[in-house]
Amino acid sequence: MFRLTQYMRELTDPTPVRRRNGAVKPVVIWNLTRRCNLRCRHCYTTSADVPFPGELSHEQAMAVLDDLHAFGIPALILSGGEPLSRFDFFSLAERARELGFRHLSLSTNGTRVAPHIDRIADLGFDYVGISLDGIGAMNDWFRGVDGAFDEALAGVRACKARGVKVGLRFTITEDNADMLPAMLDLCEAEGVDKFYLSHLVYAGRGDKHRGDDTAHTRTRNAMDVLIGRAWAAIEGGRPLEIVTGNNDTDAVWFLAWAERNFHADRVAHVAAHLEAWGGNSSGLGVANIDPQGKVHPDTYWSDYTVGSVKTDSFSSLWTGSDPMLATLRQRPRPLKGRCGACAFKDICGGNTRIRALQVSGDPWAEDPACYMTNAEIGVDDAAQRLTVTPFRGKSHDPAHRFA
């Protein structure tokens, strides 16, 4: 995840750079079930509203919670399918809260939040992320069920009414990219705390619909919209936080924006923060447990399994000798093509490896969703790279560029 607002604040209110030391404990995204009441076009778990055999039993899931807590993971995200569709969801969530995970989140399609808001609020989730892929009928078309937008929006409003931090997650494609400004307007109107732009990943039904992925020019334009809105929120003292996911090129695009608008010392400072972050964190700072208990480098790598929590603890699998995890943790990674030659691979980390794998058959090939030109990333000629053009106004205020 690229925290755009956070790094933008580093340009105006710098903080010390904190680098990773020693082994990194991952944020764990746990897909509790494949069962889901929606039929989303881009679903990476290919979920449906039917029972799926082989999912973890209640006893097995409780044991996983105990192990994750003992291992000391920094955050646990309960996801699906639709996690509220799992038969023992609230029992698991209650146990997770009793254990005292440092950060406990719920990732949901939102349609079942309002009817259960009292229990969700009482559990004290640190964050509830709700997926919407457009306004009204556009969202319902993407999600395969009429009325899904209204039900999810009711979930957002229920969270706000109970004081639960809530965010909207929007997967951008060619079909809905024009709705990005309206989605941001919706966040502002409803007092949403966070907006998450997710780039399409070629996994599950998302792989089937990879032709719907946004063209590079459209993605660049979308990032300009996000940057403009994030800056306007900071300048206006509004709390909306903007983040992106599944395309670490976003950090490099943001750095180029900073080069055009801020003095070189501030740009160098934020670049140091971005290098400390390191971009794509699959197999290092993020891990996935699927509904059957299989462990993957991230939520999209369903074809690669490290092991199963049915037979081994997550902690032992994650600290074992798996060769893919070991290679993903290398810095630099053994990247090829444009990614291998990129001048910014220390920032983006090689971007999303599963997309490279799905397109080329090689997990270390270049990511086809990198939307910057060869010249911009120093592949053809380093001299053609974007250079620092400091903002010369009385304050660091590039907002006029996005009026």
# chains A, B, ... in the order shown; residues from 1 in each chain; ligands from 1

$ select_by_dssp --residues "region 48-246 of chain A" --states "helix (DSSP H, G or I)" --output "PyMOL selection string"
chain A and resi 58-71+83-85+89-99+114-123+137-143+148-161+177-190+205-208+210-212+216-235

$ residues_around --residues "Asp362 (chain A)" --least-positions-apart "6" --cutoff "12 Å" --atoms "only C-alpha atoms" --output "list of chain:residue names"
A:Pro334, A:Leu335, A:Lys336, A:Gly337, A:Arg353, A:Ile354, A:Arg355, A:Ala356

$ closest_residue --among "A:Cys36, A:Leu325, A:Ile234, A:Val27" --to "Met1 (chain A)" --atoms "only C-alpha atoms"
A:Val27

$ closest_residue --among "A:Asn109, A:Thr12, A:Thr171, A:Asn139" --to "Val156 (chain A)" --atoms "only C-alpha atoms"
A:Asn109

$ atom_distance --atom1 "CA of Asp346 (chain A)" --atom2 "CA of Ser281 (chain A)"
11.9 Å

$ residues_around --residues "Phe170 (chain A)" --least-positions-apart "3" --cutoff "7 Å" --atoms "only C-alpha atoms" --output "short mmCIF file (atom, residue, chain, number, x, y, z; two decimals) with C-alpha atoms, in the first residue's frame"
data_model
loop_
_atom_site.label_atom_id
_atom_site.label_comp_id
_atom_site.auth_asym_id
_atom_site.auth_seq_id
_atom_site.Cartn_x
_atom_site.Cartn_y
_atom_site.Cartn_z
CA SER A 131 -15.62 -1.68 -1.55
CA LEU A 132 -17.48 0.50 -4.05
CA ASP A 133 -16.60 0.52 -7.74
CA TYR A 196 -8.17 3.51 -1.31
CA LEU A 197 -7.58 3.39 -5.05
CA SER A 198 -6.82 -0.21 -6.04
#

$ closest_residue --among "A:Ser57, A:Ser85, A:Thr305, A:Thr249" --to "Asn37 (chain A)" --atoms "only C-alpha atoms"
A:Ser85

$ residues_around --residues "Pro297 (chain A)" --least-positions-apart "5" --cutoff "8 Å" --atoms "only C-alpha atoms" --output "list in words"
Ser282, Gly283, Leu284, Val286, Ala287, Asn288, Tyr304, Thr305, Val306 and Leu325 of chain A

$ write_last_selection --atoms "all heavy atoms" --output "mmCIF file, in the first residue's frame"
data_model
loop_
_atom_site.group_PDB
_atom_site.id
_atom_site.type_symbol
_atom_site.label_atom_id
_atom_site.label_comp_id
_atom_site.auth_asym_id
_atom_site.auth_seq_id
_atom_site.Cartn_x
_atom_site.Cartn_y
_atom_site.Cartn_z
ATOM 1 N N SER A 282 5.177 -7.937 -1.021
ATOM 2 C CA SER A 282 4.724 -9.329 -1.059
ATOM 3 C C SER A 282 5.795 -10.251 -0.489
ATOM 4 O O SER A 282 6.957 -10.167 -0.851
ATOM 5 C CB SER A 282 4.429 -9.742 -2.508
ATOM 6 O OG SER A 282 3.411 -8.957 -3.062
ATOM 7 N N GLY A 283 5.387 -11.118 0.414
ATOM 8 C CA GLY A 283 6.322 -12.077 0.990
ATOM 9 C C GLY A 283 7.217 -11.513 2.063
ATOM 10 O O GLY A 283 8.027 -12.244 2.650
ATOM 11 N N LEU A 284 7.105 -10.225 2.333
ATOM 12 C CA LEU A 284 7.942 -9.571 3.331
ATOM 13 C C LEU A 284 7.079 -8.877 4.376
ATOM 14 O O LEU A 284 6.981 -9.329 5.517
ATOM 15 C CB LEU A 284 8.874 -8.564 2.652
ATOM 16 C CG LEU A 284 9.748 -7.712 3.579
ATOM 17 C CD1 LEU A 284 10.734 -8.584 4.335
ATOM 18 C CD2 LEU A 284 10.477 -6.628 2.776
ATOM 19 N N VAL A 286 3.739 -8.250 3.940
ATOM 20 C CA VAL A 286 2.342 -8.641 3.808
ATOM 21 C C VAL A 286 2.285 -10.135 3.532
ATOM 22 O O VAL A 286 3.160 -10.696 2.854
ATOM 23 C CB VAL A 286 1.634 -7.841 2.689
ATOM 24 C CG1 VAL A 286 2.223 -8.165 1.320
ATOM 25 C CG2 VAL A 286 0.139 -8.100 2.683
ATOM 26 N N ALA A 287 1.274 -10.796 4.090
ATOM 27 C CA ALA A 287 1.070 -12.228 3.906
ATOM 28 C C ALA A 287 -0.420 -12.499 3.779
ATOM 29 O O ALA A 287 -1.258 -11.665 4.155
ATOM 30 C CB ALA A 287 1.642 -13.011 5.085
ATOM 31 N N ASN A 288 -0.742 -13.675 3.259
ATOM 32 C CA ASN A 288 -2.139 -14.037 3.081
ATOM 33 C C ASN A 288 -2.381 -15.462 3.574
ATOM 34 O O ASN A 288 -1.569 -16.353 3.354
ATOM 35 C CB ASN A 288 -2.523 -13.939 1.595
ATOM 36 C CG ASN A 288 -3.900 -14.520 1.314
ATOM 37 O OD1 ASN A 288 -4.027 -15.528 0.642
ATOM 38 N ND2 ASN A 288 -4.944 -13.900 1.842
ATOM 39 N N TYR A 304 0.663 -19.962 -5.731
ATOM 40 C CA TYR A 304 1.883 -20.328 -5.012
ATOM 41 C C TYR A 304 1.565 -20.447 -3.524
ATOM 42 O O TYR A 304 1.130 -19.476 -2.898
ATOM 43 C CB TYR A 304 3.007 -19.305 -5.212
ATOM 44 C CG TYR A 304 4.310 -19.798 -4.623
ATOM 45 C CD1 TYR A 304 5.171 -20.576 -5.391
ATOM 46 C CD2 TYR A 304 4.638 -19.542 -3.300
ATOM 47 C CE1 TYR A 304 6.357 -21.078 -4.850
ATOM 48 C CE2 TYR A 304 5.815 -20.041 -2.755
ATOM 49 C CZ TYR A 304 6.661 -20.802 -3.527
ATOM 50 O OH TYR A 304 7.813 -21.306 -2.985
ATOM 51 N N THR A 305 1.798 -21.633 -2.976
ATOM 52 C CA THR A 305 1.475 -21.909 -1.583
ATOM 53 C C THR A 305 2.743 -22.206 -0.799
ATOM 54 O O THR A 305 3.535 -23.074 -1.177
ATOM 55 C CB THR A 305 0.514 -23.104 -1.478
ATOM 56 O OG1 THR A 305 -0.709 -22.788 -2.167
ATOM 57 C CG2 THR A 305 0.202 -23.431 -0.026
ATOM 58 N N VAL A 306 2.917 -21.476 0.291
ATOM 59 C CA VAL A 306 4.058 -21.700 1.177
ATOM 60 C C VAL A 306 3.835 -22.939 2.034
ATOM 61 O O VAL A 306 4.759 -23.701 2.328
ATOM 62 C CB VAL A 306 4.282 -20.460 2.070
ATOM 63 C CG1 VAL A 306 5.439 -20.686 3.034
ATOM 64 C CG2 VAL A 306 4.523 -19.224 1.212
ATOM 65 N N LEU A 325 9.643 -17.019 -0.900
ATOM 66 C CA LEU A 325 9.683 -15.959 0.105
ATOM 67 C C LEU A 325 11.095 -15.394 0.222
ATOM 68 O O LEU A 325 11.280 -14.175 0.336
ATOM 69 C CB LEU A 325 9.226 -16.494 1.463
ATOM 70 C CG LEU A 325 7.758 -16.894 1.602
ATOM 71 C CD1 LEU A 325 7.461 -17.280 3.055
ATOM 72 C CD2 LEU A 325 6.825 -15.774 1.150
#

$ atom_distance --atom1 "CA of Ala251 (chain A)" --atom2 "CA of Glu235 (chain A)"
20.5 Å

$ select_by_dssp --residues "region 147-206 of chain A" --states "strand (DSSP E)" --output "VMD selection string"
chain A and resid 166 to 172 194 to 199

$ closest_residue --among "A:Ser321, A:Asn374, A:Gln6, A:Thr327" --to "Cys339 (chain A)" --atoms "only C-alpha atoms"
A:Asn374

$ closest_residue --among "A:His296, A:His58, A:Arg218, A:Lys345" --to "Asp322 (chain A)" --atoms "only C-alpha atoms"
A:His296

$ residues_around --residues "Glu98 (chain A)" --least-positions-apart "5" --cutoff "12 Å" --atoms "only C-alpha atoms" --output "MDAnalysis selection string"
chainID A and resid 62 65:66 69 91:93 104 123:125

$ write_last_selection --atoms "all heavy atoms" --output "JSON list (two decimals), in the first residue's frame"
[["chain", "number", "residue", "atom", "x", "y", "z"],
["A", 62, "MET", "N", -9.49, -20.67, 15.29],
["A", 62, "MET", "CA", -9.13, -20.13, 16.61],
["A", 62, "MET", "C", -7.66, -20.38, 16.91],
["A", 62, "MET", "O", -6.97, -19.51, 17.48],
["A", 62, "MET", "CB", -10.02, -20.75, 17.68],
["A", 62, "MET", "CG", -11.48, -20.36, 17.57],
["A", 62, "MET", "SD", -11.82, -18.63, 17.99],
["A", 62, "MET", "CE", -12.05, -18.78, 19.76],
["A", 65, "LEU", "N", -5.56, -17.81, 15.11],
["A", 65, "LEU", "CA", -5.56, -16.52, 15.81],
["A", 65, "LEU", "C", -4.54, -16.52, 16.95],
["A", 65, "LEU", "O", -3.78, -15.55, 17.11],
["A", 65, "LEU", "CB", -6.96, -16.22, 16.37],
["A", 65, "LEU", "CG", -8.02, -15.73, 15.39],
["A", 65, "LEU", "CD1", -9.37, -15.64, 16.09],
["A", 65, "LEU", "CD2", -7.64, -14.38, 14.79],
["A", 66, "ASP", "N", -4.52, -17.58, 17.73],
["A", 66, "ASP", "CA", -3.56, -17.66, 18.84],
["A", 66, "ASP", "C", -2.13, -17.58, 18.33],
["A", 66, "ASP", "O", -1.28, -16.89, 18.91],
["A", 66, "ASP", "CB", -3.78, -18.95, 19.63],
["A", 66, "ASP", "CG", -5.08, -18.95, 20.41],
["A", 66, "ASP", "OD1", -5.65, -17.85, 20.61],
["A", 66, "ASP", "OD2", -5.54, -20.04, 20.80],
["A", 69, "HIS", "N", -1.18, -14.03, 17.02],
["A", 69, "HIS", "CA", -0.95, -13.09, 18.12],
["A", 69, "HIS", "C", 0.39, -13.37, 18.79],
["A", 69, "HIS", "O", 1.16, -12.44, 19.08],
["A", 69, "HIS", "CB", -2.08, -13.18, 19.14],
["A", 69, "HIS", "CG", -1.88, -12.25, 20.29],
["A", 69, "HIS", "ND1", -1.44, -12.68, 21.54],
["A", 69, "HIS", "CD2", -2.04, -10.91, 20.39],
["A", 69, "HIS", "CE1", -1.35, -11.64, 22.33],
["A", 69, "HIS", "NE2", -1.71, -10.56, 21.67],
["A", 91, "SER", "N", -17.54, -14.77, 16.44],
["A", 91, "SER", "CA", -16.76, -15.49, 17.45],
["A", 91, "SER", "C", -15.27, -15.28, 17.21],
["A", 91, "SER", "O", -14.49, -15.05, 18.15],
["A", 91, "SER", "CB", -17.08, -16.98, 17.43],
["A", 91, "SER", "OG", -18.41, -17.22, 17.82],
["A", 92, "LEU", "N", -14.86, -15.34, 15.95],
["A", 92, "LEU", "CA", -13.45, -15.13, 15.61],
["A", 92, "LEU", "C", -13.05, -13.68, 15.90],
["A", 92, "LEU", "O", -11.96, -13.42, 16.43],
["A", 92, "LEU", "CB", -13.19, -15.48, 14.15],
["A", 92, "LEU", "CG", -13.40, -16.94, 13.75],
["A", 92, "LEU", "CD1", -13.19, -17.12, 12.25],
["A", 92, "LEU", "CD2", -12.48, -17.87, 14.53],
["A", 93, "ALA", "N", -13.90, -12.74, 15.52],
["A", 93, "ALA", "CA", -13.58, -11.33, 15.74],
["A", 93, "ALA", "C", -13.49, -11.03, 17.24],
["A", 93, "ALA", "O", -12.62, -10.27, 17.68],
["A", 93, "ALA", "CB", -14.63, -10.45, 15.07],
["A", 104, "LEU", "N", -6.75, -4.19, 14.14],
["A", 104, "LEU", "CA", -7.71, -5.18, 13.64],
["A", 104, "LEU", "C", -8.66, -4.49, 12.67],
["A", 104, "LEU", "O", -9.35, -3.52, 13.05],
["A", 104, "LEU", "CB", -8.48, -5.79, 14.79],
["A", 104, "LEU", "CG", -9.53, -6.86, 14.43],
["A", 104, "LEU", "CD1", -8.86, -8.08, 13.82],
["A", 104, "LEU", "CD2", -10.34, -7.26, 15.67],
["A", 123, "LEU", "N", -17.18, -4.42, 18.92],
["A", 123, "LEU", "CA", -15.92, -5.15, 18.82],
["A", 123, "LEU", "C", -14.72, -4.21, 18.73],
["A", 123, "LEU", "O", -13.58, -4.63, 18.94],
["A", 123, "LEU", "CB", -15.94, -6.09, 17.61],
["A", 123, "LEU", "CG", -16.69, -7.41, 17.81],
["A", 123, "LEU", "CD1", -16.96, -8.07, 16.47],
["A", 123, "LEU", "CD2", -15.90, -8.33, 18.72],
["A", 124, "GLY", "N", -14.97, -2.97, 18.38],
["A", 124, "GLY", "CA", -13.89, -1.99, 18.34],
["A", 124, "GLY", "C", -12.91, -2.19, 17.21],
["A", 124, "GLY", "O", -11.70, -2.00, 17.38],
["A", 125, "PHE", "N", -13.41, -2.54, 16.02],
["A", 125, "PHE", "CA", -12.53, -2.62, 14.86],
["A", 125, "PHE", "C", -11.81, -1.28, 14.67],
["A", 125, "PHE", "O", -12.43, -0.22, 14.77],
["A", 125, "PHE", "CB", -13.31, -2.97, 13.59],
["A", 125, "PHE", "CG", -13.59, -4.43, 13.42],
["A", 125, "PHE", "CD1", -14.80, -4.97, 13.82],
["A", 125, "PHE", "CD2", -12.63, -5.27, 12.88],
["A", 125, "PHE", "CE1", -15.07, -6.33, 13.67],
["A", 125, "PHE", "CE2", -12.88, -6.62, 12.71],
["A", 125, "PHE", "CZ", -14.10, -7.15, 13.11]]

$ closest_residue --among "A:Thr217, A:Ala161, A:Leu240, A:Ala369" --to "Ala189 (chain A)" --atoms "only C-alpha atoms"
A:Leu240

$ residues_around --residues "Trp141 (chain A)" --least-positions-apart "4" --cutoff "9 Å" --atoms "only C-alpha atoms" --output "compact mmCIF listing (two decimals) with N, CA and C atoms, in the first residue's frame"
# COMPACT_ATOMS: atom_id res chain seq x y z
N CYS A 40 -18.59 -10.07 -8.08
CA CYS A 40 -17.78 -8.98 -8.63
C CYS A 40 -16.94 -9.45 -9.82
N ARG A 41 -16.88 -8.59 -10.84
CA ARG A 41 -16.14 -8.92 -12.06
C ARG A 41 -14.65 -9.12 -11.80
N GLY A 136 -23.90 4.22 -7.83
CA GLY A 136 -25.18 3.66 -8.25
C GLY A 136 -25.06 2.46 -9.17
N ALA A 137 -25.65 2.57 -10.36
CA ALA A 137 -25.75 1.45 -11.28
C ALA A 137 -24.38 0.93 -11.72
N VAL A 145 -24.98 -7.36 -8.54
CA VAL A 145 -26.24 -7.43 -7.79
C VAL A 145 -26.85 -6.04 -7.72
N ASP A 146 -28.10 -5.91 -8.16
CA ASP A 146 -28.80 -4.63 -8.07
C ASP A 146 -29.01 -4.27 -6.59

$ residues_around --residues "region 174-181 of chain A" --least-positions-apart "3" --cutoff "12 Å" --atoms "only C-alpha atoms" --output "ChimeraX atom specification"
/A:41,132-142,168-171,184-188,195-200,209-229

$ closest_atom_pairs --of "region 296-358 of chain A" --to "region 267-272 of chain A" --cutoff "12 Å" --atoms "only C-alpha atoms" --output "JSON lines"
{"residue": "A:Phe344", "atom": "CA", "partner": "A:Ala271", "partner_atom": "CA", "distance": 10.0}
{"residue": "A:Asp346", "atom": "CA", "partner": "A:Ala271", "partner_atom": "CA", "distance": 10.0}
{"residue": "A:Ile347", "atom": "CA", "partner": "A:Ala271", "partner_atom": "CA", "distance": 7.9}
{"residue": "A:Cys348", "atom": "CA", "partner": "A:Ala271", "partner_atom": "CA", "distance": 11.2}

$ decode --residues "region 5-24 of chain A" --atoms "N, CA, C and O atoms" --output "CSV table (one decimal), in the first residue's frame"
chain,number,residue,atom,x,y,z
A,5,THR,N,-1.1,10.4,1.2
A,5,THR,CA,-1.3,11.5,2.1
A,5,THR,C,-0.1,11.6,3.1
A,5,THR,O,0.4,12.6,3.4
A,6,GLN,N,0.2,10.4,3.6
A,6,GLN,CA,1.3,10.4,4.6
A,6,GLN,C,2.6,10.9,4.0
A,6,GLN,O,3.3,11.7,4.6
A,7,TYR,N,3.0,10.5,2.8
A,7,TYR,CA,4.2,11.0,2.2
A,7,TYR,C,4.1,12.4,1.7
A,7,TYR,O,5.1,13.1,1.7
A,8,MET,N,2.9,12.8,1.4
A,8,MET,CA,2.8,14.2,1.0
A,8,MET,C,3.0,15.1,2.2
A,8,MET,O,3.6,16.2,2.1
A,9,ARG,N,2.6,14.7,3.4
A,9,ARG,CA,2.8,15.5,4.6
A,9,ARG,C,4.3,15.6,4.9
A,9,ARG,O,4.8,16.5,5.6
A,10,GLU,N,5.1,14.6,4.5
A,10,GLU,CA,6.6,14.6,4.7
A,10,GLU,C,7.2,15.8,4.0
A,10,GLU,O,8.3,16.3,4.4
A,11,LEU,N,6.5,16.3,2.9
A,11,LEU,CA,7.0,17.5,2.2
A,11,LEU,C,6.8,18.8,3.0
A,11,LEU,O,7.6,19.7,2.8
A,12,THR,N,5.8,18.8,3.8
A,12,THR,CA,5.5,20.0,4.5
A,12,THR,C,5.9,20.0,6.0
A,12,THR,O,6.2,21.0,6.6
A,13,ASP,N,5.8,18.8,6.6
A,13,ASP,CA,6.1,18.6,8.0
A,13,ASP,C,7.0,17.3,8.1
A,13,ASP,O,6.6,16.3,8.5
A,14,PRO,N,8.3,17.5,7.9
A,14,PRO,CA,9.2,16.3,7.8
A,14,PRO,C,9.3,15.6,9.2
A,14,PRO,O,9.3,16.3,10.2
A,15,THR,N,9.5,14.3,9.1
A,15,THR,CA,9.7,13.5,10.3
A,15,THR,C,11.0,12.6,10.0
A,15,THR,O,11.3,12.4,8.8
A,16,PRO,N,11.6,12.1,11.0
A,16,PRO,CA,12.8,11.3,10.8
A,16,PRO,C,12.5,10.0,10.0
A,16,PRO,O,11.4,9.4,10.1
A,17,VAL,N,13.4,9.6,9.1
A,17,VAL,CA,13.3,8.4,8.3
A,17,VAL,C,13.5,7.2,9.2
A,17,VAL,O,14.5,7.1,10.0
A,18,ARG,N,12.6,6.3,9.2
A,18,ARG,CA,12.7,5.0,10.0
A,18,ARG,C,12.9,3.9,9.0
A,18,ARG,O,12.0,3.6,8.2
A,19,ARG,N,14.0,3.2,9.1
A,19,ARG,CA,14.3,2.1,8.2
A,19,ARG,C,14.0,0.7,9.0
A,19,ARG,O,14.1,0.6,10.2
A,20,ARG,N,13.7,-0.3,8.2
A,20,ARG,CA,13.4,-1.6,8.7
A,20,ARG,C,14.7,-2.2,9.3
A,20,ARG,O,15.7,-2.1,8.7
A,21,ASN,N,14.6,-2.8,10.5
A,21,ASN,CA,15.7,-3.4,11.1
A,21,ASN,C,15.3,-4.8,11.5
A,21,ASN,O,14.3,-5.1,12.1
A,22,GLY,N,16.1,-5.8,11.0
A,22,GLY,CA,15.9,-7.2,11.3
A,22,GLY,C,14.7,-7.8,10.5
A,22,GLY,O,14.2,-7.2,9.5
A,23,ALA,N,14.2,-8.9,11.0
A,23,ALA,CA,13.1,-9.6,10.3
A,23,ALA,C,11.8,-8.7,10.5
A,23,ALA,O,11.5,-8.1,11.5
A,24,VAL,N,11.0,-8.7,9.4
A,24,VAL,CA,9.8,-7.9,9.4
A,24,VAL,C,8.6,-8.9,9.6
A,24,VAL,O,8.5,-9.9,9.0
